[in-house]
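These notes concern the structure reproduced below.
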Amino acid sequence: MSIKKPEGVKSYNATIERIDHIADGLSIFFIKPDEVIPGRLPGHYVSIGLVDPVKNKLIRRPYSLSQSITPAHDPSLLELLIIRVPDGEFTPLLFEQKEGDRIYVRPKMVGTYLLPDLDSEMTMILLSTGTGVAPHMTMLERCIQSCKQVIMMECVRYRSELAYASQIEALATHHSHFSYIPLVTREGGDKRYIQDYFRNDLLIDEFGVSISAEHTHVFACGNPAMIGIPKEDRKTGALHFETAGGLVEILVEKYGLSIHKPRSPGQVHYEKYW
Ligand SMILES: Cc1cc2nc3c(=O)[nH]c(=O)nc-3n(C[C@H](O)[C@H](O)[C@H](O)COP(=O)(O)OP(=O)(O)OC[C@H]3O[C@@H](n4cnc5c(N)ncnc54)[C@H](O)[C@@H]3O)c2cc1C
């Protein structure tokens with residue numbers, strides 16, 4: 001007797017070509033859509049989905065596109081760095097999948113977490129927690145080619161979660177204007193968070209970075225507590241920071257940068273994952 005597949009499975013339009021295991025509950029999924037999805041830009045994300053066999057329903061979630069430096073990027077594949085959220089609805093299903101399994105990908109590149117026009121006077125600062133490094137991997141080589149200085153910081157719990165560290169370090173050895181600063185919070189030693197580097201001028205003192213509204217752009221991706229997204233008063237435009245001491249608050253109030261919006265360009269760009 002054949003087992004009847006849930007209805008939503010008919011919408012599967014891509015294949016999981018490869019899964020690279022990085023650490024416990026952290027993998028890179030390489031997905032090949034049956035048809036190439038056009039319009040990909042650095043910083044874009046896609047939605048992928050699987051049918052929950054119990055609920056018989058397609059569950060979809062957004063994931064930033066990532067990009068390994070080596071081997072060279074294959075444009076027919078979508079590379080996604082994904083952490084398993086144990087109580088989550090989607091990721092436990094995803095981590096049961098094997099290479100060769102079918103999956104749904106919404107055939108559209110989405111997002112506004114995109115690079116501005118780059119120039120040779122620009123300092124580009126790419127900041128992430130956890131899997132938030134993914135979109136910065138798609139931006140990194142372009143920034144190194146075009147900007148005066150590039151700083152990439154990523155904060156993770158365990159060293160093993162630095163999925164691309166060896167590739168990024170190799171890039172840094174060949175480009176003196178690029179600095180890579182990985183931070184690990186749960187392996188003992190000096191605990192530093194990304195915000196500390198801005199609150200205490202560590203970036204300026206230790207890496208000679210100058211931060212100005214004229215020449216600096218900051219991209220921050222991942223945990224909303226690191227980013228510290230403010231609420232804006234619609235009438236006055238005043239910002240209210242519910243999480244005190246977050247990155248956006250420091251960048252706006254200490255360094256005079258402004259939040260980027262599609263209609264009023266600024267220097268602080270963020271993508272929050274939850
Ligand atoms: C634009 C965008 C891009 C994203 N890109 C990525 C990506 O590249 N990689 C990735 O792993 N996730 C990414 N996410 C998060 C992703 O969409 C899901 O929310 C996440 O995988 C959890 O799904 P779930 O159904 O298993 O959990 P849900 O049932 O949806 O439970 C969500 C809860 O899990 C927690 N959570 C969500 N994401 C994370 C996370 N990354 N780390 C720890 N806790 C989390 C939060 O507390 C949240 O309330 C992105 C989210 C957005 C909005």
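Chain labels A, B, ... are given in the sequence in which chains occur in the structure tokens; within each chain residues are numbered consecutively from 1, and ligands are likewise numbered from 1 in the order shown.
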Inset, instruction - Find the residues near ligand 1. Use a cut-off of 9 Å, count only C-alpha atoms and all ligand atoms, and write them as an MDAnalysis selection string. - result: chainID A and resid 26:27 44:47 59:66 80:94 110:111 113 129:135 221:223 271:274
Export of prior selection with C-alpha atoms as a PDB file, in the first residue's frame:
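Output contents, as saved in selection_27.pdb:
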ATOM      1  CA  LEU A  26      24.213  24.180  13.195  1.00  0.00           C
ATOM      2  CA  SER A  27      24.505  23.340   9.498  1.00  0.00           C
ATOM      3  CA  HIS A  44      18.843  39.208   0.274  1.00  0.00           C
ATOM      4  CA  TYR A  45      16.903  36.437   1.998  1.00  0.00           C
ATOM      5  CA  VAL A  46      14.593  33.676   0.776  1.00  0.00           C
ATOM      6  CA  SER A  47      11.714  31.758   2.355  1.00  0.00           C
ATOM      7  CA  ILE A  59       5.577  25.740   7.423  1.00  0.00           C
ATOM      8  CA  ARG A  60       7.735  28.529   5.963  1.00  0.00           C
ATOM      9  CA  ARG A  61      10.545  30.637   7.428  1.00  0.00           C
ATOM     10  CA  PRO A  62      12.875  33.319   6.006  1.00  0.00           C
ATOM     11  CA  TYR A  63      16.652  32.686   5.815  1.00  0.00           C
ATOM     12  CA  SER A  64      19.420  35.039   4.741  1.00  0.00           C
ATOM     13  CA  LEU A  65      21.476  33.890   1.805  1.00  0.00           C
ATOM     14  CA  SER A  66      25.056  33.124   2.745  1.00  0.00           C
ATOM     15  CA  LEU A  80      21.810  28.917   4.087  1.00  0.00           C
ATOM     16  CA  LEU A  81      23.477  28.825   7.523  1.00  0.00           C
ATOM     17  CA  ILE A  82      20.799  27.617   9.929  1.00  0.00           C
ATOM     18  CA  ILE A  83      20.693  26.896  13.658  1.00  0.00           C
ATOM     19  CA  ARG A  84      18.213  24.393  15.082  1.00  0.00           C
ATOM     20  CA  VAL A  85      15.843  26.020  17.575  1.00  0.00           C
ATOM     21  CA  PRO A  86      14.895  23.017  19.750  1.00  0.00           C
ATOM     22  CA  ASP A  87      11.319  24.154  20.485  1.00  0.00           C
ATOM     23  CA  GLY A  88      10.849  25.703  17.066  1.00  0.00           C
ATOM     24  CA  GLU A  89       8.157  24.747  14.596  1.00  0.00           C
ATOM     25  CA  PHE A  90      10.291  24.637  11.440  1.00  0.00           C
ATOM     26  CA  THR A  91      13.962  23.963  12.227  1.00  0.00           C
ATOM     27  CA  PRO A  92      13.465  20.561  13.954  1.00  0.00           C
ATOM     28  CA  LEU A  93      11.721  19.422  10.726  1.00  0.00           C
ATOM     29  CA  LEU A  94      14.507  20.851   8.566  1.00  0.00           C
ATOM     30  CA  VAL A 110      13.533  39.518  -0.731  1.00  0.00           C
ATOM     31  CA  GLY A 111      14.833  42.177   1.634  1.00  0.00           C
ATOM     32  CA  TYR A 113      19.259  44.791   4.126  1.00  0.00           C
ATOM     33  CA  THR A 129      25.506  37.332  16.387  1.00  0.00           C
ATOM     34  CA  GLY A 130      25.108  33.606  15.645  1.00  0.00           C
ATOM     35  CA  THR A 131      23.873  32.842  12.151  1.00  0.00           C
ATOM     36  CA  GLY A 132      23.618  36.595  11.440  1.00  0.00           C
ATOM     37  CA  VAL A 133      27.023  36.335   9.771  1.00  0.00           C
ATOM     38  CA  ALA A 134      25.277  34.827   6.711  1.00  0.00           C
ATOM     39  CA  PRO A 135      24.296  38.006   4.805  1.00  0.00           C
ATOM     40  CA  CYS A 221      22.319  41.225  11.970  1.00  0.00           C
ATOM     41  CA  GLY A 222      21.029  38.561  14.354  1.00  0.00           C
ATOM     42  CA  ASN A 223      19.831  38.732  17.949  1.00  0.00           C
ATOM     43  CA  GLU A 271      18.183  42.761  10.140  1.00  0.00           C
ATOM     44  CA  LYS A 272      16.649  41.159  13.193  1.00  0.00           C
ATOM     45  CA  TYR A 273      16.029  37.425  13.163  1.00  0.00           C
ATOM     46  CA  TRP A 274      13.260  37.271  15.756  1.00  0.00           C
TER      47      TRP A 274
END
Inset, instruction - Please report, as JSON, numbers by chain, each residue of range 87-180 of chain A to which DSSP assigns strand (DSSP E or B) when run on this structure's backbone. - result: {"A": [102, 103, 104, 105, 110, 123, 124, 125, 126, 127, 128, 129, 149, 150, 151, 152, 153, 154, 155, 156, 178, 179, 180]}
Inset, instruction - Write out as a PyMOL selection string the residues lying within 9 Å of range 204-210 of chain A, counting only C-alpha atoms and excluding same-chain residues fewer than 2 positions away. - result: chain A and resi 123+149+151+179+197-198+200-202+212+215-216
Legend entry - Two-atom distance - CA of Tyr104 in chain A, CA of Leu50 in chain A (Å):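 Calculated distance between CA of Tyr104 in chain A and CA of Leu50 in chain A is 6.3 Å.
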Legend entry - Neighbour list for range 156-162 of chain A as a VMD selection string, cut-off 7 Å, only C-alpha atoms, skip fewer than 6 positions in-chain: chain A and resid 22 to 23 129 to 130 183 to 187
Taking only C-alpha atoms into account, produce a table as CSV in which each residue of range 46-118 of chain A with an atom at most 12 Å from an atom of range 237-261 of chain A appears once, together with its shortest atom pair and the distance in Å to one decimal, ordered by chain and rising number.
residue,atom,partner,partner_atom,distance
A:Thr112,CA,A:Lys261,CA,8.8
A:Tyr113,CA,A:His260,CA,9.5
A:Leu114,CA,A:His260,CA,10.4
A:Leu115,CA,A:His260,CA,10.9
A:Pro116,CA,A:His260,CA,10.0
Legend entry - Pairwise distance for CA of Thr173 in chain A and CA of His73 in chain A, rounded to one decimal in Å: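 Separation of CA of Thr173 in chain A and CA of His73 in chain A: 20.5 Å.
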